[in-house]
Amino acid sequence: MLILGLESSCDETAAALVTDKREVLAHRLARQDEAHRPFGGVVPEIAARAHVEALAPLVEAALADAGVTLADVDAIAATAGPGLIGGVMVGLVTGKALAHAAGKPLVAVNHLEGHALSPRLADPDLDFPYLLLLVSGGHCQLLLVEGVGRYRRLATTIDDAAGEAFDKTAKLLGLGFPGGPAVERAAKDGDPRAVPLPRPLVGSGEPHFSFAGLKSDVARKAGKFPAADLAASFQQAVVDCLVDRTRIALGKAPQASALVVAGGVAANGAVRGALEALAGEHGLRFVAPPLWLCTDNAAMIAWAGAERFAAGLTDPLDLAARPRWPLDPDAEKVRGAGV
Ligand code: ATP
Ligand code: MG
Ligand code: FE
């Protein structure tokens with residue numbers, strides 16, 4: 001089975017061809033860093049226009065790389081949300097047009113499901129259920145992944161996402177855009193114990209996250225300590241929060257066969273190392289996708305598409321793009337009642 005995947009929910013435009021045998025035959029990606037850098041963050045309208053220009057050539061290039069045509073593809077998977085709606089629409093409409101023109105089924109993929117299943121593309125031995133720490137630019141959640149389309153959310157952030165905190169810290173410290181990798185680079189030359197910073201919610205019995213207070217404290221201390229020490233101390237504080245909260249979640253998910261991390265922040269070496277140690281403490285396997293599969297890409301969308309298609313799940317061509325789309329709608333319902 002061969003799936004074409006499209007991704008355009010934030011500021012990466014991407015197309016990939018992946019088989020159900022976990023072969024990544026092609027993956028193409030265009031970043032927009034230069035376009036957004038002057039603004040220090042992603043500008044939705046600029047992103048949407050850039051996706052329009054980049055996507056069709058990337059699809060052609062990916063097909064050429066793989067040496068296939070649309071006729072060889074079994075289904076077309078496109079991110080249908082959540083994300084910046086203009087960008088999501090570009091990818092979804094492109095996917096619909098290709099599906100219609102080639103007479104192929106459309107598989108609408110939740111971007112978060114792309115992240116959530118990406119470790120299974122990297123690791124053939126990763127079986128359900130597993131405990132997933134999903135740490136990205138817009139999300140910070142602990143999910144029990146029970147199967148394709150079956151996600152039980154154990155925790156979420158009550159304010160910022162972890163990646164957002166990295167990005168804001170980079171901005172506060174003048175480290176540039178995109179922020180996560182810049183903070184990690186700066187932290188290599190700093191002392192993680194140099195600056196006292198809070199660990200919000202650490203010690204609480206529910207595994208939720210909070211990063212707003214940490215970010216505010218970095219803002220208060222910016223300029224008063226060397227940037228490298230602040231970066232290293234911030235990164236250590238995030239790691240401590242992620243590990244403590246994940247430890248609580250592991251206690252609530254004894255059925256998990258592995259501890260898994262995915263999403264852009266999973267590319268961070270300190271985060272990976274600390275979670276691997278935590279998994280070791282619990283005698284659990286630890287799985288983290290390779291770095292290129294952590295940040296946004298289309299291979300994870302194609303793979304989630306392959307998993308959904310194999311389960312008989314396809315979507316109509318009049319499906320709407322969704323700016324918000326929780327993986328676990330039940331958890332979302334109780335959000336108002338205390339996260
Ligand atoms: P979402 O997936 O929640 O919709 P997104 O798609 O924008 O959001 P991703 O592309 O998965 O997010 O991840 C991007 C985030 O990961 C950014 O916030 C970025 O700063 C962070 N990130 C990327 N690399 C690193 C790193 N090495 N260390 C820390 N954070 C990182
Ligand atoms: Mg991005
Ligand atoms: Fe993402």
# chains A, B, ... in the order shown; residues from 1 in each chain; ligands from 1

call {"tool": "closest_atom_pairs", "arguments": {"of": "chain A", "to": "ligand 1", "cutoff": "7 Å", "atoms": "only C-alpha atoms and all ligand atoms", "output": "tab-separated table"}}
result
residue	atom	partner	partner_atom_place_in_ligand_line	distance
A:Ser9	CA	ligand 1	6 (O)	6.7
A:Cys10	CA	ligand 1	7 (O)	5.4
A:Pro82	CA	ligand 1	4 (O)	6.3
A:Gly83	CA	ligand 1	4 (O)	5.5
A:His111	CA	ligand 1	2 (O)	6.6
A:Leu112	CA	ligand 1	2 (O)	6.1
A:Ser136	CA	ligand 1	13 (O)	4.2
A:Gly137	CA	ligand 1	18 (O)	3.5
A:Gly138	CA	ligand 1	3 (O)	3.3
A:His139	CA	ligand 1	3 (O)	4.3
A:Gly163	CA	ligand 1	18 (O)	3.2
A:Glu164	CA	ligand 1	18 (O)	4.8
A:Phe166	CA	ligand 1	20 (O)	5.4
A:Asp167	CA	ligand 1	20 (O)	4.9
A:Pro178	CA	ligand 1	20 (O)	5.8
A:Gly179	CA	ligand 1	20 (O)	4.6
A:Gly180	CA	ligand 1	20 (O)	3.2
A:Pro181	CA	ligand 1	27 (N)	3.9
A:Val183	CA	ligand 1	28 (N)	6.8
A:Glu184	CA	ligand 1	28 (N)	5.4
A:Gly263	CA	ligand 1	11 (O)	4.2
A:Gly264	CA	ligand 1	13 (O)	3.2
A:Val265	CA	ligand 1	30 (N)	3.8
A:Ala266	CA	ligand 1	25 (C)	6.9
A:Ala267	CA	ligand 1	27 (N)	4.7
A:Asn268	CA	ligand 1	27 (N)	3.8
A:Gly269	CA	ligand 1	27 (N)	6.9
A:Cys294	CA	ligand 1	11 (O)	6.4
A:Thr295	CA	ligand 1	10 (O)	4.1
A:Asp296	CA	ligand 1	10 (O)	4.1

call {"tool": "write_last_selection", "arguments": {"atoms": "C-alpha atoms", "output": "mmCIF file, in the first residue's frame"}}
result
data_model
loop_
_atom_site.group_PDB
_atom_site.id
_atom_site.type_symbol
_atom_site.label_atom_id
_atom_site.label_comp_id
_atom_site.auth_asym_id
_atom_site.auth_seq_id
_atom_site.Cartn_x
_atom_site.Cartn_y
_atom_site.Cartn_z
ATOM 1 C CA SER A 9 -0.812 23.164 9.224
ATOM 2 C CA CYS A 10 1.845 25.583 10.441
ATOM 3 C CA PRO A 82 -5.784 21.412 13.888
ATOM 4 C CA GLY A 83 -3.607 24.355 12.907
ATOM 5 C CA HIS A 111 -2.086 16.584 12.652
ATOM 6 C CA LEU A 112 -1.822 15.427 16.278
ATOM 7 C CA SER A 136 4.947 20.433 20.236
ATOM 8 C CA GLY A 137 4.532 24.094 19.355
ATOM 9 C CA GLY A 138 0.819 24.141 20.153
ATOM 10 C CA HIS A 139 0.301 21.185 22.479
ATOM 11 C CA GLY A 163 7.312 24.402 22.402
ATOM 12 C CA GLU A 164 5.628 27.762 22.810
ATOM 13 C CA PHE A 166 10.846 27.455 24.143
ATOM 14 C CA ASP A 167 9.905 29.898 21.381
ATOM 15 C CA PRO A 178 12.810 29.252 15.323
ATOM 16 C CA GLY A 179 13.242 29.211 19.077
ATOM 17 C CA GLY A 180 13.514 25.594 20.279
ATOM 18 C CA PRO A 181 16.724 24.640 18.493
ATOM 19 C CA VAL A 183 17.594 27.577 23.068
ATOM 20 C CA GLU A 184 19.056 24.068 22.915
ATOM 21 C CA GLY A 263 6.255 16.392 18.470
ATOM 22 C CA GLY A 264 8.806 19.139 17.835
ATOM 23 C CA VAL A 265 10.110 19.370 21.411
ATOM 24 C CA ALA A 266 10.895 15.636 21.234
ATOM 25 C CA ALA A 267 13.829 16.713 19.038
ATOM 26 C CA ASN A 268 15.468 18.187 22.160
ATOM 27 C CA GLY A 269 18.390 16.063 23.385
ATOM 28 C CA CYS A 294 9.654 14.928 15.451
ATOM 29 C CA THR A 295 9.130 18.354 13.891
ATOM 30 C CA ASP A 296 6.382 18.800 11.302
#

call {"tool": "select_by_dssp", "arguments": {"residues": "stretch 40-197 of chain A", "states": "strand (DSSP E or B)", "output": "PyMOL selection string"}}
result
chain A and resi 75-81+106-110+130-135+140-147+150-155+157

call {"tool": "write_last_selection", "arguments": {"atoms": "C-alpha atoms", "output": "compact mmCIF listing (two decimals), in the first residue's frame"}}
result
# COMPACT_ATOMS: atom_id res chain seq x y z
CA ALA A 75 -4.84 6.93 -1.08
CA ILE A 76 -4.09 10.58 -0.43
CA ALA A 77 -3.70 11.69 3.18
CA ALA A 78 -3.85 15.36 4.06
CA THR A 79 -3.76 17.20 7.37
CA ALA A 80 -7.30 18.49 7.97
CA GLY A 81 -6.52 20.25 11.28
CA LEU A 106 -9.01 10.85 0.64
CA VAL A 107 -7.85 10.23 4.20
CA ALA A 108 -8.21 13.30 6.42
CA VAL A 109 -5.56 13.19 9.12
CA ASN A 110 -5.55 14.98 12.44
CA TYR A 130 1.61 3.19 24.86
CA LEU A 131 1.92 6.31 26.96
CA LEU A 132 2.65 9.27 24.70
CA LEU A 133 4.08 12.61 25.74
CA LEU A 134 3.05 14.86 22.86
CA VAL A 135 5.17 18.00 23.11
CA CYS A 140 1.62 19.53 25.61
CA GLN A 141 -0.38 16.43 26.45
CA LEU A 142 -0.06 12.97 27.94
CA LEU A 143 -2.14 10.46 26.01
CA LEU A 144 -2.75 6.78 26.36
CA VAL A 145 -2.63 5.63 22.74
CA GLU A 146 -4.89 2.57 22.63
CA GLY A 147 -5.14 2.16 18.87
CA ARG A 150 -8.31 5.73 20.09
CA TYR A 151 -6.65 8.29 22.33
CA ARG A 152 -7.31 8.83 26.03
CA ARG A 153 -6.01 12.15 27.24
CA LEU A 154 -4.60 11.96 30.75
CA ALA A 155 -3.24 15.51 30.92
CA THR A 157 -1.34 22.20 29.68

call {"tool": "closest_residue", "arguments": {"among": "A:Ile46, A:Leu291, A:Leu201, A:Ala262", "to": "ligand 3", "atoms": "only C-alpha atoms and all ligand atoms"}}
result
A:Ala262

call {"tool": "select_by_dssp", "arguments": {"residues": "stretch 87-222 of chain A", "states": "alpha helix (DSSP H)", "output": "JSON, numbers by chain"}}
result
{"A": [87, 88, 89, 90, 91, 92, 93, 94, 95, 96, 97, 98, 99, 100, 101, 102, 111, 112, 113, 114, 115, 116, 117, 118, 119, 120, 121, 122, 162, 163, 164, 165, 166, 167, 168, 169, 170, 171, 172, 179, 180, 181, 182, 183, 184, 185, 186, 187, 212, 213, 214, 215, 216, 217, 218, 219, 220, 221]}

call {"tool": "closest_residue", "arguments": {"among": "A:Leu259, A:Ala64, A:Val202, A:Val24", "to": "A:Val287", "atoms": "only C-alpha atoms"}}
result
A:Leu259

call {"tool": "atom_distance", "arguments": {"atom1": "atom CA of A:Asp20", "atom2": "atom CA of A:Ala306"}}
result
5.9 Å

call {"tool": "closest_residue", "arguments": {"among": "A:Leu63, A:Ala15, A:Ala321, A:Ala71", "to": "A:Ala99", "atoms": "only C-alpha atoms"}}
result
A:Ala71

call {"tool": "atom_distance", "arguments": {"atom1": "atom CA of A:Pro323", "atom2": "atom CA of A:Ile85"}}
result
5.2 Å

call {"tool": "closest_residue", "arguments": {"among": "A:Glu281, A:Glu206, A:Asp328, A:Glu12", "to": "ligand 3", "atoms": "only C-alpha atoms and all ligand atoms"}}
result
A:Glu12

call {"tool": "closest_residue", "arguments": {"among": "A:Arg245, A:Arg322, A:Ala232, A:Trp292", "to": "ligand 2", "atoms": "only C-alpha atoms and all ligand atoms"}}
result
A:Trp292

call {"tool": "residues_around", "arguments": {"residues": "A:Lys96", "least_positions_apart": "4", "cutoff": "8 Å", "atoms": "only C-alpha atoms", "output": "list in words"}}
result
Leu92, His100, Leu106 and Leu317 of chain A

call {"tool": "write_last_selection", "arguments": {"atoms": "N, CA and C atoms", "output": "compact mmCIF listing (two decimals), in the first residue's frame"}}
result
# COMPACT_ATOMS: atom_id res chain seq x y z
N LEU A 92 -5.44 20.60 2.54
CA LEU A 92 -6.63 19.75 2.42
C LEU A 92 -7.27 19.89 1.03
N HIS A 100 -9.65 13.65 -6.22
CA HIS A 100 -10.73 13.71 -7.21
C HIS A 100 -10.19 13.43 -8.62
N LEU A 106 -9.63 9.83 -0.22
CA LEU A 106 -9.01 10.85 0.64
C LEU A 106 -9.03 10.34 2.08
N LEU A 317 -15.13 14.11 0.12
CA LEU A 317 -14.42 15.26 -0.44
C LEU A 317 -15.01 16.60 0.01

call {"tool": "residues_around", "arguments": {"residues": "A:Pro38", "least_positions_apart": "5", "cutoff": "12 Å", "atoms": "only C-alpha atoms", "output": "list in words"}}
result
Gln32, Asp33, Val43, Ile46, Lys171, Gly176, Phe177 and Pro178 of chain A

call {"tool": "write_last_selection", "arguments": {"atoms": "C-alpha atoms", "output": "PDB file, in the first residue's frame"}}
result
ATOM      1  CA  GLN A  32       9.399  29.317   5.792  1.00  0.00           C
ATOM      2  CA  ASP A  33      11.814  30.559   8.454  1.00  0.00           C
ATOM      3  CA  VAL A  43       2.394  35.049  10.545  1.00  0.00           C
ATOM      4  CA  ILE A  46       2.271  34.764   5.075  1.00  0.00           C
ATOM      5  CA  LYS A 171      12.620  35.630  21.825  1.00  0.00           C
ATOM      6  CA  GLY A 176      16.299  34.156  17.212  1.00  0.00           C
ATOM      7  CA  PHE A 177      13.670  32.135  15.370  1.00  0.00           C
ATOM      8  CA  PRO A 178      12.810  29.252  15.323  1.00  0.00           C
TER       9      PRO A 178
END

call {"tool": "residues_around", "arguments": {"residues": "A:Leu126", "least_positions_apart": "5", "cutoff": "10 Å", "atoms": "only C-alpha atoms", "output": "VMD selection string"}}
result
chain A and resid 117 119 to 121 257 to 260 285 to 287

call {"tool": "write_last_selection", "arguments": {"atoms": "N, CA and C atoms", "output": "short mmCIF file (atom, residue, chain, number, x, y, z; two decimals), in the first residue's frame"}}
result
data_model
loop_
_atom_site.label_atom_id
_atom_site.label_comp_id
_atom_site.auth_asym_id
_atom_site.auth_seq_id
_atom_site.Cartn_x
_atom_site.Cartn_y
_atom_site.Cartn_z
N LEU A 117 1.24 8.87 16.00
CA LEU A 117 1.55 7.57 15.39
C LEU A 117 2.95 7.55 14.77
N PRO A 119 5.89 7.57 15.97
CA PRO A 119 6.87 6.62 16.53
C PRO A 119 6.67 5.20 15.97
N ARG A 120 5.47 4.87 15.52
CA ARG A 120 5.23 3.53 14.96
C ARG A 120 5.80 3.40 13.54
N LEU A 121 5.96 4.56 12.87
CA LEU A 121 6.64 4.52 11.57
C LEU A 121 8.12 4.23 11.78
N SER A 257 2.76 -0.21 27.34
CA SER A 257 3.87 -1.13 27.09
C SER A 257 5.16 -0.37 26.77
N ALA A 258 5.06 0.95 26.60
CA ALA A 258 6.25 1.73 26.28
C ALA A 258 5.98 3.19 26.63
N LEU A 259 7.07 3.92 26.88
CA LEU A 259 6.97 5.37 27.02
C LEU A 259 7.47 5.98 25.72
N VAL A 260 6.65 6.86 25.14
CA VAL A 260 6.91 7.37 23.80
C VAL A 260 6.84 8.89 23.84
N ARG A 285 10.12 0.18 27.72
CA ARG A 285 10.80 0.59 26.49
C ARG A 285 10.60 2.07 26.29
N PHE A 286 11.60 2.73 25.71
CA PHE A 286 11.47 4.14 25.38
C PHE A 286 11.58 4.28 23.87
N VAL A 287 10.64 4.99 23.27
CA VAL A 287 10.66 5.18 21.81
C VAL A 287 10.53 6.67 21.50
#

call {"tool": "closest_residue", "arguments": {"among": "A:Val88, A:Ala61, A:Val271, A:Ile248", "to": "ligand 3", "atoms": "only C-alpha atoms and all ligand atoms"}}
result
A:Val88

call {"tool": "residues_around", "arguments": {"residues": "A:Leu17", "least_positions_apart": "6", "cutoff": "7 Å", "atoms": "only C-alpha atoms", "output": "PDB file with C-alpha atoms, in the first residue's frame"}}
result
ATOM      1  CA  LEU A   2       1.353   3.407  -1.023  1.00  0.00           C
ATOM      2  CA  ILE A   3       0.125   6.656   0.553  1.00  0.00           C
ATOM      3  CA  LEU A   4       0.820  10.255  -0.484  1.00  0.00           C
ATOM      4  CA  GLY A   5       0.838  12.548   2.561  1.00  0.00           C
ATOM      5  CA  VAL A  24       9.621   6.282   3.264  1.00  0.00           C
ATOM      6  CA  LEU A  25      10.026   6.434  -0.523  1.00  0.00           C
ATOM      7  CA  ALA A  26      10.203  10.230  -0.600  1.00  0.00           C
ATOM      8  CA  HIS A  27       9.855  13.122   1.775  1.00  0.00           C
ATOM      9  CA  ALA A  62       8.193  13.695  -4.105  1.00  0.00           C
ATOM     10  CA  ALA A 299       5.862  11.313   6.312  1.00  0.00           C
ATOM     11  CA  ALA A 302       1.266   9.658   5.165  1.00  0.00           C
TER      12      ALA A 302
END

call {"tool": "decode", "arguments": {"residues": "stretch 184-256 of chain A", "atoms": "C-alpha atoms", "output": "PDB file, in the first residue's frame"}}
result
ATOM      1  CA  GLU A 184      19.056  24.068  22.915  1.00  0.00           C
ATOM      2  CA  ARG A 185      22.203  25.362  21.178  1.00  0.00           C
ATOM      3  CA  ALA A 186      22.640  28.229  23.662  1.00  0.00           C
ATOM      4  CA  ALA A 187      22.034  25.881  26.607  1.00  0.00           C
ATOM      5  CA  LYS A 188      25.069  23.777  25.644  1.00  0.00           C
ATOM      6  CA  ASP A 189      27.350  26.592  26.861  1.00  0.00           C
ATOM      7  CA  GLY A 190      25.344  27.342  30.028  1.00  0.00           C
ATOM      8  CA  ASP A 191      24.982  26.016  33.560  1.00  0.00           C
ATOM      9  CA  PRO A 192      21.517  24.482  34.159  1.00  0.00           C
ATOM     10  CA  ARG A 193      21.820  25.277  37.906  1.00  0.00           C
ATOM     11  CA  ALA A 194      22.911  28.908  37.469  1.00  0.00           C
ATOM     12  CA  VAL A 195      19.458  30.562  37.484  1.00  0.00           C
ATOM     13  CA  PRO A 196      16.730  29.583  39.974  1.00  0.00           C
ATOM     14  CA  LEU A 197      13.489  29.096  38.036  1.00  0.00           C
ATOM     15  CA  PRO A 198      10.101  27.649  39.069  1.00  0.00           C
ATOM     16  CA  ARG A 199       8.828  24.157  38.165  1.00  0.00           C
ATOM     17  CA  PRO A 200       5.075  24.846  37.891  1.00  0.00           C
ATOM     18  CA  LEU A 201       2.766  22.012  39.070  1.00  0.00           C
ATOM     19  CA  VAL A 202       5.663  19.699  39.938  1.00  0.00           C
ATOM     20  CA  GLY A 203       4.513  17.517  42.815  1.00  0.00           C
ATOM     21  CA  SER A 204       0.796  17.797  42.025  1.00  0.00           C
ATOM     22  CA  GLY A 205      -1.132  14.523  41.883  1.00  0.00           C
ATOM     23  CA  GLU A 206      -2.694  15.161  38.475  1.00  0.00           C
ATOM     24  CA  PRO A 207      -0.219  15.110  35.575  1.00  0.00           C
ATOM     25  CA  HIS A 208      -1.147  18.494  34.011  1.00  0.00           C
ATOM     26  CA  PHE A 209       1.389  21.043  32.768  1.00  0.00           C
ATOM     27  CA  SER A 210       1.899  24.777  33.128  1.00  0.00           C
ATOM     28  CA  PHE A 211       4.661  26.873  31.567  1.00  0.00           C
ATOM     29  CA  ALA A 212       3.384  30.460  31.732  1.00  0.00           C
ATOM     30  CA  GLY A 213       4.943  31.176  35.155  1.00  0.00           C
ATOM     31  CA  LEU A 214       8.270  29.777  34.029  1.00  0.00           C
ATOM     32  CA  LYS A 215       8.245  31.993  30.965  1.00  0.00           C
ATOM     33  CA  SER A 216       7.371  35.078  33.057  1.00  0.00           C
ATOM     34  CA  ASP A 217      10.265  34.360  35.405  1.00  0.00           C
ATOM     35  CA  VAL A 218      12.644  34.070  32.429  1.00  0.00           C
ATOM     36  CA  ALA A 219      11.311  37.470  31.294  1.00  0.00           C
ATOM     37  CA  ARG A 220      12.078  38.977  34.726  1.00  0.00           C
ATOM     38  CA  LYS A 221      15.595  37.532  34.757  1.00  0.00           C
ATOM     39  CA  ALA A 222      16.528  38.187  31.110  1.00  0.00           C
ATOM     40  CA  GLY A 223      19.516  40.536  30.990  1.00  0.00           C
ATOM     41  CA  LYS A 224      20.420  39.807  34.633  1.00  0.00           C
ATOM     42  CA  PHE A 225      22.157  36.504  33.872  1.00  0.00           C
ATOM     43  CA  PRO A 226      24.198  35.317  30.894  1.00  0.00           C
ATOM     44  CA  ALA A 227      21.842  34.137  28.110  1.00  0.00           C
ATOM     45  CA  ALA A 228      23.497  30.705  27.985  1.00  0.00           C
ATOM     46  CA  ASP A 229      22.877  30.155  31.729  1.00  0.00           C
ATOM     47  CA  LEU A 230      19.263  31.287  31.368  1.00  0.00           C
ATOM     48  CA  ALA A 231      18.755  29.015  28.361  1.00  0.00           C
ATOM     49  CA  ALA A 232      20.281  26.029  30.172  1.00  0.00           C
ATOM     50  CA  SER A 233      18.316  26.707  33.383  1.00  0.00           C
ATOM     51  CA  PHE A 234      15.067  27.159  31.436  1.00  0.00           C
ATOM     52  CA  GLN A 235      15.623  23.925  29.514  1.00  0.00           C
ATOM     53  CA  GLN A 236      16.354  22.074  32.766  1.00  0.00           C
ATOM     54  CA  ALA A 237      13.157  23.447  34.325  1.00  0.00           C
ATOM     55  CA  VAL A 238      11.103  22.245  31.331  1.00  0.00           C
ATOM     56  CA  VAL A 239      12.771  18.831  31.482  1.00  0.00           C
ATOM     57  CA  ASP A 240      12.053  18.564  35.228  1.00  0.00           C
ATOM     58  CA  CYS A 241       8.381  19.432  34.640  1.00  0.00           C
ATOM     59  CA  LEU A 242       8.013  16.978  31.755  1.00  0.00           C
ATOM     60  CA  VAL A 243       9.650  14.143  33.704  1.00  0.00           C
ATOM     61  CA  ASP A 244       7.668  14.739  36.932  1.00  0.00           C
ATOM     62  CA  ARG A 245       4.343  14.981  35.107  1.00  0.00           C
ATOM     63  CA  THR A 246       5.086  11.937  32.946  1.00  0.00           C
ATOM     64  CA  ARG A 247       6.020   9.956  36.060  1.00  0.00           C
ATOM     65  CA  ILE A 248       2.572  10.697  37.536  1.00  0.00           C
ATOM     66  CA  ALA A 249       0.893   9.675  34.262  1.00  0.00           C
ATOM     67  CA  LEU A 250       2.823   6.388  34.181  1.00  0.00           C
ATOM     68  CA  GLY A 251       1.271   5.598  37.564  1.00  0.00           C
ATOM     69  CA  LYS A 252      -2.167   6.103  36.001  1.00  0.00           C
ATOM     70  CA  ALA A 253      -1.426   4.005  32.907  1.00  0.00           C
ATOM     71  CA  PRO A 254      -0.052   0.661  34.081  1.00  0.00           C
ATOM     72  CA  GLN A 255      -1.217  -0.954  30.831  1.00  0.00           C
ATOM     73  CA  ALA A 256       1.267   1.089  28.749  1.00  0.00           C
TER      74      ALA A 256
END
